[in-house]
Amino acid sequence: MTYMTNLDTGLLDIAKWAFTTRRVNRDDVQRLSRDLNGAQAGDLLLCSIAEIGQHKKIQLADRRNSASYPGDLVVLCLGDRYAPDQFQARAEIGDGYLQLAAGGGVAGTIEAAHHFMEEPTLLTPMALLIGPNGDAMNVGDYALPQRPANHDVTVIGVFGASMNSGKTTAASSLAHGLVAAGYAVAGVKATGTGAFGDFNAFEDAGVPVMDFTDVGMATTYRQPMARIEEGFDTLVATAAANGAEVVVVEIADGVFQQETRAILRKSAIRDRLDGILFAAPDALSALGAVVVLEGHGLTPFAISGMVSCSPLAAAEAAEVTGLPILSREDLWNSATIAETVRPLMRNRETLSAA
């Protein structure tokens, strides 16, 4: 798709820059190209909002929501998305249109949608942002420096049965509890779709946080596992270099999502985890989690998530799994941390426990 009319880069001064673009140096933009042929996942696009649909707000780079209006100019990333409760999208520009796949700033072509979703917000792609080297600017250009794997810091993974099973609450609560117990903690969102909700949840819990956008991916869906593993290593090693003793790593979506399944089956990420906390919506999912994880030679040290909100459901889950069921309040408790998490830690003799 090629347009010959030039566009003024001054348009970017009035555009809304989405969360996925937060690491981009805006001064690097040299020109806007209306030649959209060959656009790739992670490329920065100037778009106009043509019609408001499901996503009525854009999550901005400064981590606030901005209400959208028809005609708004927005800078987004071309990207894939996997969200069973919302949209599946591919990083592809249609014939003169795009759709907003995620409010954090991912645009693509919708392949499937949950029955309860409205029509996606419709975008008119206007131009690719071109950088100093004459190529399309990509979020990968602004990734943290790659670091080798760190084998000293403790890494605890938080997985879930599905979207909205309580992973983020479990992960941020665990991080908060570790801080209360006297540990230096960092939060990491290793996979998923760029958005500030999970990012802010870790910060609200009192810990520094990074995610996959910091290592150059607007989303991790359909990214090569080697790239996801390298990003994970860099995030964990950067957290350790910044003083973290424990890194709490949230993995997006459910255990059957293709990247999550690959992580659990065989990956450097799986091999690096010192423990797993699993978030489940109900007792059946909790039991299923144990079965699935044990099939991969793994066992969670506890179950949390939505199931922990109901005493009856928690009792059922405890009975069928034989594992502790930890509510967010339990995870805040330093005594719980000492009992369930401290035994998992590397170099625990030298770590600062309360």
# chains A, B, ... in the order shown; residues from 1 in each chain; ligands from 1
$ select_by_dssp --residues "region 148-329 of chain A" --states "alpha helix (DSSP H)" --output "ChimeraX atom specification"
/A:167-180,196-204,225-241,258-265,268-272,283-295,311-321,328-329
$ closest_atom_pairs --of "region 173-230 of chain A" --to "region 257-268 of chain A" --cutoff "10 Å" --atoms "only C-alpha atoms" --output "Markdown table"
| residue | atom | partner | partner_atom | distance |
| --- | --- | --- | --- | --- |
| A:Thr191 | CA | A:Glu259 | CA | 8.2 |
| A:Gly192 | CA | A:Glu259 | CA | 9.4 |
| A:Thr220 | CA | A:Glu259 | CA | 8.0 |
| A:Tyr221 | CA | A:Glu259 | CA | 6.9 |
| A:Arg222 | CA | A:Glu259 | CA | 7.6 |
| A:Gln223 | CA | A:Glu259 | CA | 8.4 |
| A:Pro224 | CA | A:Glu259 | CA | 8.8 |
| A:Met225 | CA | A:Glu259 | CA | 7.3 |
| A:Ala226 | CA | A:Ser267 | CA | 8.8 |
| A:Ile228 | CA | A:Glu259 | CA | 8.9 |
| A:Glu229 | CA | A:Ala268 | CA | 6.3 |
| A:Glu230 | CA | A:Ala268 | CA | 9.0 |
$ closest_residue --among "A:Leu331, A:Leu100, A:Ala280, A:Leu73" --to "Ser173 (chain A)" --atoms "only C-alpha atoms"
A:Leu331
$ atom_distance --atom1 "CA of Asp152 (chain A)" --atom2 "CA of Ala239 (chain A)"
11.5 Å
$ residues_around --residues "region 43-58 of chain A" --least-positions-apart "4" --cutoff "7 Å" --atoms "only C-alpha atoms" --output "short mmCIF file (atom, residue, chain, number, x, y, z; two decimals) with N, CA and C atoms, in the first residue's frame"
data_model
loop_
_atom_site.label_atom_id
_atom_site.label_comp_id
_atom_site.auth_asym_id
_atom_site.auth_seq_id
_atom_site.Cartn_x
_atom_site.Cartn_y
_atom_site.Cartn_z
N ALA A 18 0.98 5.86 22.32
CA ALA A 18 0.47 4.79 23.16
C ALA A 18 1.56 4.21 24.07
N ALA A 39 5.49 -3.38 6.23
CA ALA A 39 5.45 -3.07 7.66
C ALA A 39 5.48 -4.36 8.47
N ASN A 65 -5.04 6.88 30.89
CA ASN A 65 -5.99 6.63 29.82
C ASN A 65 -6.42 7.94 29.18
N SER A 66 -6.56 7.93 27.88
CA SER A 66 -7.06 9.09 27.15
C SER A 66 -8.27 8.69 26.34
N ALA A 67 -9.40 9.38 26.58
CA ALA A 67 -10.61 9.10 25.80
C ALA A 67 -10.34 9.37 24.32
N SER A 68 -10.86 8.50 23.48
CA SER A 68 -10.64 8.62 22.03
C SER A 68 -11.83 9.30 21.36
N PRO A 70 -13.27 10.31 17.22
CA PRO A 70 -13.02 10.15 15.78
C PRO A 70 -12.15 11.29 15.27
N GLY A 71 -11.15 10.94 14.50
CA GLY A 71 -10.23 11.93 13.98
C GLY A 71 -8.97 12.10 14.79
N ASP A 72 -8.92 11.53 16.01
CA ASP A 72 -7.70 11.59 16.81
C ASP A 72 -6.53 10.97 16.05
N LEU A 73 -5.36 11.58 16.19
CA LEU A 73 -4.14 10.99 15.67
C LEU A 73 -3.46 10.21 16.79
N VAL A 74 -3.02 9.01 16.49
CA VAL A 74 -2.40 8.14 17.50
C VAL A 74 -1.17 7.48 16.90
N VAL A 75 -0.14 7.30 17.74
CA VAL A 75 1.05 6.53 17.33
C VAL A 75 0.98 5.19 18.05
N LEU A 76 0.91 4.13 17.26
CA LEU A 76 0.72 2.77 17.76
C LEU A 76 1.80 1.86 17.19
N CYS A 77 1.79 0.61 17.63
CA CYS A 77 2.67 -0.41 17.07
C CYS A 77 1.84 -1.41 16.28
N LEU A 78 2.33 -1.80 15.15
CA LEU A 78 1.74 -2.93 14.45
C LEU A 78 2.07 -4.19 15.24
N GLY A 103 -5.85 -1.69 23.81
CA GLY A 103 -5.83 -0.29 24.19
C GLY A 103 -4.47 0.23 24.55
N GLY A 104 -3.51 -0.68 24.83
CA GLY A 104 -2.15 -0.26 25.13
C GLY A 104 -1.38 0.20 23.92
N GLY A 105 -1.98 0.04 22.74
CA GLY A 105 -1.35 0.56 21.53
C GLY A 105 -0.89 -0.47 20.54
N MET A 117 -17.67 -8.97 22.60
CA MET A 117 -16.95 -7.77 22.18
C MET A 117 -17.77 -6.94 21.20
N GLU A 118 -17.66 -5.62 21.32
CA GLU A 118 -18.17 -4.76 20.28
C GLU A 118 -17.26 -4.85 19.06
N GLU A 119 -17.68 -4.23 17.97
CA GLU A 119 -16.79 -4.15 16.82
C GLU A 119 -15.52 -3.41 17.23
N PRO A 120 -14.36 -3.83 16.72
CA PRO A 120 -13.12 -3.15 17.13
C PRO A 120 -13.08 -1.71 16.66
N THR A 121 -12.38 -0.89 17.39
CA THR A 121 -12.15 0.49 16.97
C THR A 121 -11.40 0.48 15.65
N LEU A 122 -11.90 1.24 14.69
CA LEU A 122 -11.36 1.23 13.33
C LEU A 122 -10.36 2.37 13.16
N LEU A 123 -9.24 2.03 12.53
CA LEU A 123 -8.15 2.98 12.34
C LEU A 123 -7.85 3.16 10.85
N THR A 124 -7.46 4.37 10.50
CA THR A 124 -6.92 4.61 9.17
C THR A 124 -5.41 4.75 9.29
N PRO A 125 -4.65 3.81 8.74
CA PRO A 125 -3.18 3.92 8.81
C PRO A 125 -2.70 5.04 7.89
N MET A 126 -1.89 5.94 8.43
CA MET A 126 -1.46 7.10 7.66
C MET A 126 0.00 7.00 7.22
N ALA A 127 0.86 6.56 8.12
CA ALA A 127 2.28 6.57 7.77
C ALA A 127 3.09 5.73 8.74
N LEU A 128 4.22 5.25 8.25
CA LEU A 128 5.26 4.67 9.10
C LEU A 128 6.21 5.77 9.55
N LEU A 129 6.69 5.67 10.78
CA LEU A 129 7.68 6.60 11.28
C LEU A 129 9.06 6.12 10.84
N ALA A 136 12.05 2.03 8.83
CA ALA A 136 10.91 2.19 9.73
C ALA A 136 11.36 2.02 11.17
N MET A 137 10.90 2.91 12.03
CA MET A 137 11.24 2.81 13.46
C MET A 137 10.44 1.67 14.08
N ASN A 138 11.10 0.91 14.93
CA ASN A 138 10.49 -0.27 15.55
C ASN A 138 10.80 -0.24 17.04
N VAL A 139 9.86 -0.71 17.87
CA VAL A 139 10.11 -0.70 19.31
C VAL A 139 11.35 -1.53 19.67
#
$ residues_around --residues "Ala113 (chain A)" --least-positions-apart "6" --cutoff "7 Å" --atoms "only C-alpha atoms" --output "list of chain:residue names"
A:Gln86, A:Phe87, A:Gln88
$ closest_residue --among "A:Asp141, A:Asp198, A:Asp282, A:Asp253" --to "Gly216 (chain A)" --atoms "only C-alpha atoms"
A:Asp141
$ residues_around --residues "Ala175 (chain A)" --least-positions-apart "3" --cutoff "9 Å" --atoms "only C-alpha atoms" --output "NGL selection string"
:A and (170-172 or 178-180 or 185-187 or 202 or 205-207 or 246-248 or 331-332)
$ write_last_selection --atoms "all heavy atoms" --output "CSV table (one decimal), in the first residue's frame"
chain,number,residue,atom,x,y,z
A,170,ALA,N,-2.3,-12.0,42.0
A,170,ALA,CA,-1.4,-12.9,42.7
A,170,ALA,C,0.1,-12.5,42.6
A,170,ALA,O,0.8,-12.5,43.6
A,170,ALA,CB,-1.6,-14.3,42.1
A,171,ALA,N,0.5,-12.1,41.4
A,171,ALA,CA,1.9,-11.7,41.2
A,171,ALA,C,2.2,-10.4,42.0
A,171,ALA,O,3.3,-10.4,42.7
A,171,ALA,CB,2.2,-11.5,39.7
A,172,SER,N,1.4,-9.4,41.9
A,172,SER,CA,1.7,-8.2,42.7
A,172,SER,C,1.6,-8.4,44.2
A,172,SER,O,2.3,-7.8,44.9
A,172,SER,CB,0.8,-7.0,42.2
A,172,SER,OG,-0.6,-7.4,42.3
A,178,LEU,N,6.8,-10.2,49.7
A,178,LEU,CA,8.2,-10.3,49.7
A,178,LEU,C,8.9,-9.1,50.2
A,178,LEU,O,9.8,-9.1,51.0
A,178,LEU,CB,8.8,-10.7,48.4
A,178,LEU,CG,8.5,-12.2,47.9
A,178,LEU,CD1,8.6,-12.3,46.4
A,178,LEU,CD2,9.4,-13.1,48.7
A,179,VAL,N,8.4,-7.9,49.8
A,179,VAL,CA,9.0,-6.6,50.3
A,179,VAL,C,8.7,-6.5,51.8
A,179,VAL,O,9.6,-6.1,52.6
A,179,VAL,CB,8.3,-5.5,49.5
A,179,VAL,CG1,8.7,-4.1,50.2
A,179,VAL,CG2,8.8,-5.4,48.1
A,180,ALA,N,7.5,-6.9,52.2
A,180,ALA,CA,7.2,-6.8,53.6
A,180,ALA,C,8.0,-7.7,54.5
A,180,ALA,O,8.3,-7.4,55.6
A,180,ALA,CB,5.7,-7.1,53.8
A,185,VAL,N,12.9,-6.7,45.8
A,185,VAL,CA,12.1,-7.4,44.9
A,185,VAL,C,11.9,-6.6,43.6
A,185,VAL,O,11.9,-5.4,43.7
A,185,VAL,CB,10.7,-7.7,45.5
A,185,VAL,CG1,9.8,-8.6,44.5
A,185,VAL,CG2,10.8,-8.4,46.8
A,186,ALA,N,11.8,-7.3,42.5
A,186,ALA,CA,11.4,-6.6,41.2
A,186,ALA,C,10.3,-7.5,40.6
A,186,ALA,O,10.2,-8.7,40.7
A,186,ALA,CB,12.6,-6.6,40.3
A,187,GLY,N,9.5,-6.8,39.8
A,187,GLY,CA,8.4,-7.4,39.1
A,187,GLY,C,8.7,-7.4,37.6
A,187,GLY,O,9.3,-6.5,37.1
A,202,PHE,N,2.3,-3.8,39.7
A,202,PHE,CA,3.6,-4.1,40.4
A,202,PHE,C,4.1,-2.8,41.1
A,202,PHE,O,4.5,-2.9,42.3
A,202,PHE,CB,4.7,-4.6,39.4
A,202,PHE,CG,4.6,-6.1,39.2
A,202,PHE,CD1,4.4,-6.6,37.9
A,202,PHE,CD2,4.9,-7.0,40.2
A,202,PHE,CE1,4.4,-8.0,37.7
A,202,PHE,CE2,4.9,-8.3,40.0
A,202,PHE,CZ,4.7,-8.8,38.8
A,205,ALA,N,2.3,-2.2,44.2
A,205,ALA,CA,2.8,-3.1,45.3
A,205,ALA,C,4.1,-2.7,45.9
A,205,ALA,O,4.5,-3.3,46.8
A,205,ALA,CB,2.9,-4.5,44.7
A,206,GLY,N,4.7,-1.7,45.3
A,206,GLY,CA,5.9,-1.2,45.9
A,206,GLY,C,7.2,-1.7,45.3
A,206,GLY,O,8.3,-1.6,46.0
A,207,VAL,N,7.2,-2.2,44.1
A,207,VAL,CA,8.4,-2.8,43.5
A,207,VAL,C,8.6,-2.2,42.1
A,207,VAL,O,7.7,-1.9,41.4
A,207,VAL,CB,8.3,-4.3,43.4
A,207,VAL,CG1,8.1,-5.0,44.8
A,207,VAL,CG2,7.2,-4.8,42.4
A,246,VAL,N,15.0,-11.1,44.6
A,246,VAL,CA,13.9,-12.0,44.1
A,246,VAL,C,13.2,-11.3,43.0
A,246,VAL,O,12.9,-10.1,43.1
A,246,VAL,CB,12.9,-12.3,45.2
A,246,VAL,CG1,11.9,-13.3,44.7
A,246,VAL,CG2,13.6,-12.7,46.5
A,247,VAL,N,12.9,-12.0,41.9
A,247,VAL,CA,12.2,-11.4,40.8
A,247,VAL,C,10.9,-12.3,40.6
A,247,VAL,O,10.9,-13.5,40.5
A,247,VAL,CB,13.0,-11.5,39.5
A,247,VAL,CG1,12.2,-10.9,38.3
A,247,VAL,CG2,14.3,-10.8,39.6
A,248,VAL,N,9.8,-11.6,40.7
A,248,VAL,CA,8.5,-12.2,40.4
A,248,VAL,C,8.1,-12.0,39.0
A,248,VAL,O,8.0,-10.8,38.5
A,248,VAL,CB,7.4,-11.6,41.4
A,248,VAL,CG1,6.0,-12.3,41.1
A,248,VAL,CG2,7.8,-11.8,42.8
A,331,LEU,N,-0.8,-13.6,50.8
A,331,LEU,CA,0.5,-13.3,50.1
A,331,LEU,C,1.1,-12.1,50.6
A,331,LEU,O,2.4,-11.9,50.5
A,331,LEU,CB,0.3,-13.2,48.6
A,331,LEU,CG,-0.1,-14.6,47.9
A,331,LEU,CD1,-0.6,-14.3,46.5
A,331,LEU,CD2,1.1,-15.5,47.9
A,332,TRP,N,0.3,-11.2,51.2
A,332,TRP,CA,0.9,-10.0,51.8
A,332,TRP,C,1.6,-10.3,53.1
A,332,TRP,O,2.4,-9.5,53.6
A,332,TRP,CB,-0.2,-9.0,52.2
A,332,TRP,CG,-1.0,-8.4,51.0
A,332,TRP,CD1,-0.6,-8.5,49.7
A,332,TRP,CD2,-2.2,-7.8,51.1
A,332,TRP,NE1,-1.6,-7.9,48.9
A,332,TRP,CE2,-2.6,-7.4,49.8
A,332,TRP,CE3,-3.1,-7.4,52.1
A,332,TRP,CZ2,-3.8,-6.7,49.5
A,332,TRP,CZ3,-4.2,-6.7,51.9
A,332,TRP,CH2,-4.6,-6.4,50.5
$ residues_around --residues "Ala335 (chain A)" --least-positions-apart "6" --cutoff "12 Å" --atoms "only C-alpha atoms" --output "list of chain:residue names"
A:Gly177, A:Leu178, A:Ala180, A:Ala181, A:Gly182, A:Glu329, A:Val341, A:Arg342, A:Ala353, A:Ala354
$ residues_around --residues "Val320 (chain A)" --least-positions-apart "4" --cutoff "12 Å" --atoms "only C-alpha atoms" --output "list in words"
Asp282, Ala283, Leu284, Ser285, Ala286, Leu287, Gly288, Ala289, Val290, Val291, Ile303, Ala313, Ala314, Ala315, Glu316, Pro324 and Ile325 of chain A
$ write_last_selection --atoms "all heavy atoms" --output "CSV table (one decimal), in the first residue's frame"
chain,number,residue,atom,x,y,z
A,282,ASP,N,-11.3,-21.5,39.8
A,282,ASP,CA,-12.1,-22.4,40.5
A,282,ASP,C,-11.3,-23.6,40.9
A,282,ASP,O,-10.2,-23.8,40.4
A,282,ASP,CB,-13.4,-22.7,39.8
A,282,ASP,CG,-13.2,-23.2,38.4
A,282,ASP,OD1,-12.2,-24.0,38.2
A,282,ASP,OD2,-13.9,-22.8,37.5
A,283,ALA,N,-12.0,-24.5,41.6
A,283,ALA,CA,-11.3,-25.7,42.1
A,283,ALA,C,-10.9,-26.7,40.9
A,283,ALA,O,-9.9,-27.3,40.9
A,283,ALA,CB,-12.2,-26.4,43.1
A,284,LEU,N,-11.8,-26.8,40.0
A,284,LEU,CA,-11.5,-27.7,38.8
A,284,LEU,C,-10.3,-27.2,38.1
A,284,LEU,O,-9.4,-28.0,37.7
A,284,LEU,CB,-12.7,-27.7,37.9
A,284,LEU,CG,-12.6,-28.6,36.7
A,284,LEU,CD1,-12.3,-30.0,37.1
A,284,LEU,CD2,-13.9,-28.5,35.8
A,285,SER,N,-10.2,-25.9,37.9
A,285,SER,CA,-9.0,-25.3,37.2
A,285,SER,C,-7.8,-25.5,38.0
A,285,SER,O,-6.7,-25.7,37.5
A,285,SER,CB,-9.2,-23.8,36.9
A,285,SER,OG,-10.3,-23.6,36.0
A,286,ALA,N,-7.9,-25.4,39.3
A,286,ALA,CA,-6.8,-25.6,40.2
A,286,ALA,C,-6.3,-27.1,40.1
A,286,ALA,O,-5.0,-27.3,39.9
A,286,ALA,CB,-7.1,-25.4,41.7
A,287,LEU,N,-7.2,-28.0,40.0
A,287,LEU,CA,-6.8,-29.4,39.9
A,287,LEU,C,-6.2,-29.6,38.5
A,287,LEU,O,-5.2,-30.3,38.3
A,287,LEU,CB,-8.0,-30.3,40.0
A,287,LEU,CG,-7.8,-31.8,39.8
A,287,LEU,CD1,-6.7,-32.4,40.7
A,287,LEU,CD2,-9.1,-32.6,39.9
A,288,GLY,N,-6.8,-29.0,37.5
A,288,GLY,CA,-6.3,-29.1,36.1
A,288,GLY,C,-4.9,-28.6,36.0
A,288,GLY,O,-4.0,-29.1,35.3
A,289,ALA,N,-4.6,-27.5,36.7
A,289,ALA,CA,-3.3,-26.9,36.7
A,289,ALA,C,-2.3,-27.9,37.3
A,289,ALA,O,-1.2,-28.0,36.7
A,289,ALA,CB,-3.3,-25.6,37.6
A,290,VAL,N,-2.6,-28.5,38.4
A,290,VAL,CA,-1.6,-29.5,38.9
A,290,VAL,C,-1.4,-30.6,38.0
A,290,VAL,O,-0.2,-31.0,37.8
A,290,VAL,CB,-2.2,-30.0,40.3
A,290,VAL,CG1,-1.3,-31.1,40.8
A,290,VAL,CG2,-2.3,-28.9,41.3
A,291,VAL,N,-2.4,-31.1,37.3
A,291,VAL,CA,-2.3,-32.2,36.4
A,291,VAL,C,-1.4,-31.8,35.2
A,291,VAL,O,-0.5,-32.5,34.8
A,291,VAL,CB,-3.6,-32.7,35.9
A,291,VAL,CG1,-3.5,-33.7,34.7
A,291,VAL,CG2,-4.4,-33.3,37.0
A,303,ILE,N,-1.6,-22.4,45.2
A,303,ILE,CA,-2.6,-21.9,44.3
A,303,ILE,C,-3.1,-20.6,44.8
A,303,ILE,O,-3.4,-20.5,46.0
A,303,ILE,CB,-3.8,-22.9,44.2
A,303,ILE,CG1,-3.3,-24.3,43.7
A,303,ILE,CG2,-4.9,-22.4,43.2
A,303,ILE,CD1,-2.8,-24.4,42.3
A,313,ALA,N,-14.8,-22.5,47.6
A,313,ALA,CA,-14.0,-22.9,46.4
A,313,ALA,C,-12.6,-23.2,46.9
A,313,ALA,O,-12.0,-24.1,46.4
A,313,ALA,CB,-14.1,-21.8,45.4
A,314,ALA,N,-12.1,-22.4,47.8
A,314,ALA,CA,-10.7,-22.6,48.3
A,314,ALA,C,-10.6,-23.9,49.0
A,314,ALA,O,-9.6,-24.6,48.8
A,314,ALA,CB,-10.3,-21.4,49.2
A,315,ALA,N,-11.6,-24.3,49.8
A,315,ALA,CA,-11.6,-25.5,50.5
A,315,ALA,C,-11.6,-26.7,49.5
A,315,ALA,O,-10.9,-27.7,49.7
A,315,ALA,CB,-12.8,-25.6,51.5
A,316,GLU,N,-12.4,-26.6,48.5
A,316,GLU,CA,-12.5,-27.6,47.4
A,316,GLU,C,-11.1,-27.8,46.8
A,316,GLU,O,-10.6,-28.9,46.6
A,316,GLU,CB,-13.5,-27.3,46.4
A,316,GLU,CG,-15.0,-27.4,46.9
A,316,GLU,CD,-15.9,-26.9,45.8
A,316,GLU,OE1,-15.5,-26.4,44.7
A,316,GLU,OE2,-17.2,-27.1,46.0
A,324,PRO,N,-1.5,-25.5,49.4
A,324,PRO,CA,-2.0,-24.3,50.0
A,324,PRO,C,-2.7,-23.4,49.0
A,324,PRO,O,-2.3,-23.3,47.9
A,324,PRO,CB,-0.7,-23.6,50.5
A,324,PRO,CG,0.4,-24.6,50.5
A,324,PRO,CD,0.0,-25.6,49.4
A,325,ILE,N,-3.8,-22.9,49.5
A,325,ILE,CA,-4.6,-21.9,48.7
A,325,ILE,C,-4.4,-20.6,49.3
A,325,ILE,O,-4.9,-20.3,50.5
A,325,ILE,CB,-6.1,-22.3,48.6
A,325,ILE,CG1,-6.3,-23.8,48.3
A,325,ILE,CG2,-6.8,-21.4,47.6
A,325,ILE,CD1,-5.7,-24.2,46.9
